[in-house]
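**Q** This is the structure, below, for whatever I ask next.
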Amino acid sequence: GYSASGAATHNTVNLGDGKNHMPSSYNFGRIFGGNQADVTGNTLNVKTNVEVRNIYNFETINFEKNASFHESYPFLTIGGSAPTTIKSLSGVNLTGFEGLQGTYTLINNNTGGFTINDGKRTKTEMMGVTERSIFIDGANKNLLCTIYQFKDVTATQATALNDGTALCAGRSKMGNSTVNNKLTMGSGTYTKVYGGKTEGTGTSATDKGDSRNNSVTVTGGEITTALYGGYTDFASGIATGNTVTITGGKVDGTVYGGYSASGAATHNTVNLGD
């Protein structure tokens, strides 16, 4: 919206239609929600991977995950040299991300970085058994989103969280208890493998800090450093009721039925053979 001297509010810009990829050679110039300082109600909907020179004067930025997205690329790439200014990360929203885990780049601005007007560079939220964190990275070049499910995950090495070296079924980086997660590993080489992994702080949940009733079954592949049924680094967090079963493959490192950095690690089981 544009006004020569009045308000420019409650305007919407849609990038993409939610169905089709944007042509790889196509990029936009500067995208404005409005041309005045008051950004009330101005909304940007990002519906596919797209490159723009920069974005300005939006109160709300929605990222709508759909089949047109390439998840390995930034959803929105900033090609200009100026900082990207966002009023508040409270106005950054995700839809269509249900069932996903891992880290995604929402906006990349390698040259200009980011300015967050309210100064809060992280937004966290809980969605049932899933936690989300939307934040500016330490280099101030990317707006990232991490999504972790901390309860009731059933995974194989093909579907588990994989950061390139470590494999994990259920995970929390906000201190939520990891509970009832199951991982079966039949191939591949990893440094560490976890049935449930609890770390970090920030959750407001009452069930926090523990790693309970998780399991890892290894039928093949190789683990070079450590294997954990359940793991917690939370202060006084408890690791209990976790199970590791090894029927094949190779484990060169240490095996823990349950591991706690400072709390109890009791009633855990390790089975060698079936």
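How things are named: the first chain in the structure tokens is A, the next is B, and so on; residues count from 1 in each chain; ligands count from 1 in the order shown.
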Within 9 Å of A:Glu199, counting only C-alpha atoms, which residues show up once you throw out same-chain ones fewer than 5 positions away? Write them as JSON, numbers by chain, please.

**A** {"A": [171, 172, 173, 174, 175, 176, 177, 209, 231, 232, 233, 234]}

**Q** Got a sec: who's within 10 Å of stretch 70-85 of chain A, counting only C-alpha atoms, leaving out chain neighbours fewer than 5 positions off, as a ChimeraX atom specification?

**A** /A:15,21,27-30,46-58,63-65,103-117,140-144

**Q** Residues at most 12 Å from A:Asn162, counting only C-alpha atoms, excluding those fewer than 5 positions away in the same chain, as a list in words?

**A**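 After dropping sequence-adjacent residues, the list is Gln101, Gly102, Thr103, Tyr148, Ala155, Thr156, Gln157, Leu167, Cys168, Ala169, Gly170, Arg171, Gly188, Thr189, Tyr190, Thr191, Lys192, Val193 and Tyr194 of chain A.
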
**Q** Generate a file of the selected residues that holds all heavy atoms, formatted as a short mmCIF file (atom, residue, chain, number, x, y, z; two decimals), in the first residue's frame.

**A**
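In the end it all went to result_20.cif:
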data_model
loop_
_atom_site.label_atom_id
_atom_site.label_comp_id
_atom_site.auth_asym_id
_atom_site.auth_seq_id
_atom_site.Cartn_x
_atom_site.Cartn_y
_atom_site.Cartn_z
N GLN A 101 10.78 -32.01 11.41
CA GLN A 101 11.78 -31.82 12.45
C GLN A 101 13.06 -31.33 11.81
O GLN A 101 13.33 -31.62 10.64
CB GLN A 101 12.05 -33.13 13.21
CG GLN A 101 10.92 -33.61 14.08
CD GLN A 101 11.42 -34.54 15.17
OE1 GLN A 101 12.03 -34.10 16.15
NE2 GLN A 101 11.18 -35.83 15.00
N GLY A 102 13.86 -30.59 12.57
CA GLY A 102 15.14 -30.12 12.07
C GLY A 102 15.21 -28.62 12.04
O GLY A 102 14.43 -27.91 12.67
N THR A 103 16.18 -28.10 11.27
CA THR A 103 16.44 -26.67 11.18
C THR A 103 16.18 -26.19 9.76
O THR A 103 16.63 -26.81 8.79
CB THR A 103 17.89 -26.36 11.57
OG1 THR A 103 18.12 -26.78 12.93
CG2 THR A 103 18.18 -24.86 11.48
N TYR A 148 11.53 -29.52 16.96
CA TYR A 148 11.85 -30.82 17.55
C TYR A 148 10.61 -31.44 18.18
O TYR A 148 9.84 -30.75 18.84
CB TYR A 148 12.94 -30.68 18.63
CG TYR A 148 14.26 -30.17 18.10
CD1 TYR A 148 14.76 -28.94 18.53
CD2 TYR A 148 14.99 -30.89 17.19
CE1 TYR A 148 15.96 -28.46 18.06
CE2 TYR A 148 16.20 -30.42 16.70
CZ TYR A 148 16.68 -29.22 17.14
OH TYR A 148 17.86 -28.73 16.66
N ALA A 155 11.20 -43.95 14.91
CA ALA A 155 12.04 -43.57 13.78
C ALA A 155 13.04 -44.66 13.44
O ALA A 155 13.38 -45.51 14.26
CB ALA A 155 12.78 -42.26 14.09
N THR A 156 13.51 -44.61 12.20
CA THR A 156 14.65 -45.39 11.75
C THR A 156 15.78 -44.41 11.41
O THR A 156 15.60 -43.19 11.51
CB THR A 156 14.31 -46.20 10.50
OG1 THR A 156 14.07 -45.30 9.41
CG2 THR A 156 13.06 -47.06 10.73
N GLN A 157 16.92 -44.94 10.99
CA GLN A 157 18.01 -44.03 10.62
C GLN A 157 17.61 -43.15 9.44
O GLN A 157 18.17 -42.06 9.25
CB GLN A 157 19.30 -44.81 10.30
CG GLN A 157 19.31 -45.56 8.99
CD GLN A 157 18.62 -46.91 9.09
OE1 GLN A 157 18.28 -47.37 10.19
NE2 GLN A 157 18.41 -47.56 7.96
N LEU A 167 22.57 -39.06 15.45
CA LEU A 167 21.23 -39.51 15.11
C LEU A 167 20.38 -39.50 16.37
O LEU A 167 20.83 -39.91 17.43
CB LEU A 167 21.32 -40.93 14.55
CG LEU A 167 20.20 -41.46 13.65
CD1 LEU A 167 20.12 -40.63 12.37
CD2 LEU A 167 20.46 -42.92 13.31
N CYS A 168 19.13 -39.04 16.24
CA CYS A 168 18.29 -38.87 17.42
C CYS A 168 16.84 -39.07 17.04
O CYS A 168 16.38 -38.55 16.03
CB CYS A 168 18.51 -37.47 18.00
SG CYS A 168 17.75 -37.21 19.59
N ALA A 169 16.08 -39.82 17.88
CA ALA A 169 14.64 -39.98 17.65
C ALA A 169 13.89 -38.80 18.25
O ALA A 169 13.39 -37.95 17.54
CB ALA A 169 14.16 -41.30 18.24
N GLY A 170 13.77 -38.72 19.59
CA GLY A 170 13.12 -37.60 20.24
C GLY A 170 14.14 -36.64 20.81
O GLY A 170 15.14 -37.05 21.40
N ARG A 171 13.89 -35.33 20.63
CA ARG A 171 14.88 -34.36 21.09
C ARG A 171 14.20 -33.10 21.59
O ARG A 171 13.17 -32.67 21.06
CB ARG A 171 15.82 -33.99 19.95
CG ARG A 171 16.96 -33.06 20.38
CD ARG A 171 17.94 -32.83 19.26
NE ARG A 171 19.09 -32.06 19.71
CZ ARG A 171 20.10 -31.68 18.95
NH1 ARG A 171 20.10 -31.98 17.66
NH2 ARG A 171 21.11 -30.98 19.43
N GLY A 188 24.42 -47.22 8.19
CA GLY A 188 25.02 -45.89 8.33
C GLY A 188 26.07 -45.85 9.41
O GLY A 188 26.19 -46.77 10.24
N THR A 189 26.84 -44.76 9.42
CA THR A 189 27.88 -44.54 10.43
C THR A 189 27.63 -43.21 11.10
O THR A 189 27.48 -42.18 10.43
CB THR A 189 29.28 -44.54 9.78
OG1 THR A 189 29.51 -45.81 9.15
CG2 THR A 189 30.36 -44.30 10.83
N TYR A 190 27.60 -43.22 12.44
CA TYR A 190 27.29 -42.02 13.22
C TYR A 190 28.21 -41.95 14.43
O TYR A 190 28.66 -42.98 14.96
CB TYR A 190 25.83 -42.05 13.69
CG TYR A 190 24.85 -42.23 12.55
CD1 TYR A 190 24.38 -43.49 12.20
CD2 TYR A 190 24.44 -41.14 11.80
CE1 TYR A 190 23.52 -43.66 11.13
CE2 TYR A 190 23.57 -41.30 10.73
CZ TYR A 190 23.12 -42.56 10.40
OH TYR A 190 22.27 -42.72 9.34
N THR A 191 28.50 -40.73 14.87
CA THR A 191 29.33 -40.58 16.06
C THR A 191 28.55 -40.92 17.33
O THR A 191 29.04 -41.64 18.20
CB THR A 191 29.89 -39.16 16.17
OG1 THR A 191 28.82 -38.23 16.19
CG2 THR A 191 30.83 -38.84 15.01
N LYS A 192 27.31 -40.38 17.42
CA LYS A 192 26.47 -40.61 18.60
C LYS A 192 25.05 -40.91 18.14
O LYS A 192 24.58 -40.35 17.15
CB LYS A 192 26.49 -39.41 19.54
CG LYS A 192 27.86 -39.12 20.14
CD LYS A 192 27.81 -37.91 21.07
CE LYS A 192 29.18 -37.62 21.66
NZ LYS A 192 29.16 -36.45 22.58
N VAL A 193 24.37 -41.74 18.93
CA VAL A 193 22.99 -42.09 18.64
C VAL A 193 22.19 -42.02 19.93
O VAL A 193 22.63 -42.50 20.98
CB VAL A 193 22.89 -43.50 18.01
CG1 VAL A 193 21.44 -43.94 17.87
CG2 VAL A 193 23.58 -43.52 16.64
N TYR A 194 20.99 -41.42 19.86
CA TYR A 194 20.14 -41.21 21.03
C TYR A 194 18.71 -41.69 20.74
O TYR A 194 18.16 -41.38 19.69
CB TYR A 194 20.04 -39.72 21.39
CG TYR A 194 21.35 -39.00 21.59
CD1 TYR A 194 22.06 -38.50 20.49
CD2 TYR A 194 21.85 -38.78 22.87
CE1 TYR A 194 23.25 -37.81 20.68
CE2 TYR A 194 23.04 -38.08 23.06
CZ TYR A 194 23.73 -37.60 21.96
OH TYR A 194 24.90 -36.91 22.14
#

**Q** Residues of stretch 11-87 of chain A in strand (DSSP E) according to DSSP, as a PyMOL selection string?

**A** chain A and resi 12-15+27-32+43-46+50-56+60-64+76-78+84-86

**Q** Would you pick out the contacts of A:Met127 at 10 Å or less, using only C-alpha atoms, so that residues sharing its chain but fewer than 6 positions from it are not included, and give the list as number ranges by chain?

**A** A: 98, 147, 149

**Q** Filtering to all heavy atoms, could you give me those residues as a PDB file, in the first residue's frame?

**A**
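Contents of selection-v2.pdb, freshly written:
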ATOM      1  N   GLU A  98       3.708 -28.888  10.275  1.00  0.00           N
ATOM      2  CA  GLU A  98       3.382 -30.002  11.145  1.00  0.00           C
ATOM      3  C   GLU A  98       4.076 -31.277  10.647  1.00  0.00           C
ATOM      4  O   GLU A  98       4.091 -31.577   9.458  1.00  0.00           O
ATOM      5  CB  GLU A  98       1.869 -30.219  11.180  1.00  0.00           C
ATOM      6  CG  GLU A  98       1.095 -29.073  11.802  1.00  0.00           C
ATOM      7  CD  GLU A  98       0.900 -27.883  10.883  1.00  0.00           C
ATOM      8  OE1 GLU A  98       1.227 -28.008   9.679  1.00  0.00           O
ATOM      9  OE2 GLU A  98       0.425 -26.833  11.359  1.00  0.00           O
ATOM     10  N   ILE A 147      12.727 -27.137  14.797  1.00  0.00           N
ATOM     11  CA  ILE A 147      11.521 -27.842  15.203  1.00  0.00           C
ATOM     12  C   ILE A 147      11.932 -29.213  15.727  1.00  0.00           C
ATOM     13  O   ILE A 147      12.615 -29.973  15.023  1.00  0.00           O
ATOM     14  CB  ILE A 147      10.536 -28.013  14.035  1.00  0.00           C
ATOM     15  CG1 ILE A 147      10.230 -26.665  13.380  1.00  0.00           C
ATOM     16  CG2 ILE A 147       9.261 -28.681  14.505  1.00  0.00           C
ATOM     17  CD1 ILE A 147       9.419 -26.778  12.105  1.00  0.00           C
ATOM     18  N   GLN A 149      10.447 -32.735  17.985  1.00  0.00           N
ATOM     19  CA  GLN A 149       9.417 -33.498  18.690  1.00  0.00           C
ATOM     20  C   GLN A 149      10.102 -34.261  19.810  1.00  0.00           C
ATOM     21  O   GLN A 149      11.074 -34.976  19.579  1.00  0.00           O
ATOM     22  CB  GLN A 149       8.692 -34.465  17.756  1.00  0.00           C
ATOM     23  CG  GLN A 149       7.556 -35.219  18.443  1.00  0.00           C
ATOM     24  CD  GLN A 149       6.749 -36.068  17.477  1.00  0.00           C
ATOM     25  OE1 GLN A 149       6.726 -35.797  16.284  1.00  0.00           O
ATOM     26  NE2 GLN A 149       6.087 -37.092  17.994  1.00  0.00           N
TER      27      GLN A 149
END

**Q** I'd like to know which of A:Pro23, A:Gly33, A:Gly41, A:Gly257 is closest to A:His10, using only C-alpha atoms.

**A**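 Of A:Pro23, A:Gly33, A:Gly41, A:Gly257, the one nearest A:His10 is A:Gly41, counting only C-alpha atoms.
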
**Q** Please report the interatomic distance between atom CA of A:Met185 and atom CA of A:Gly273 in Å with one decimal.

**A**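 According to the coordinates, atom CA of A:Met185 and atom CA of A:Gly273 are separated by 14.4 Å.
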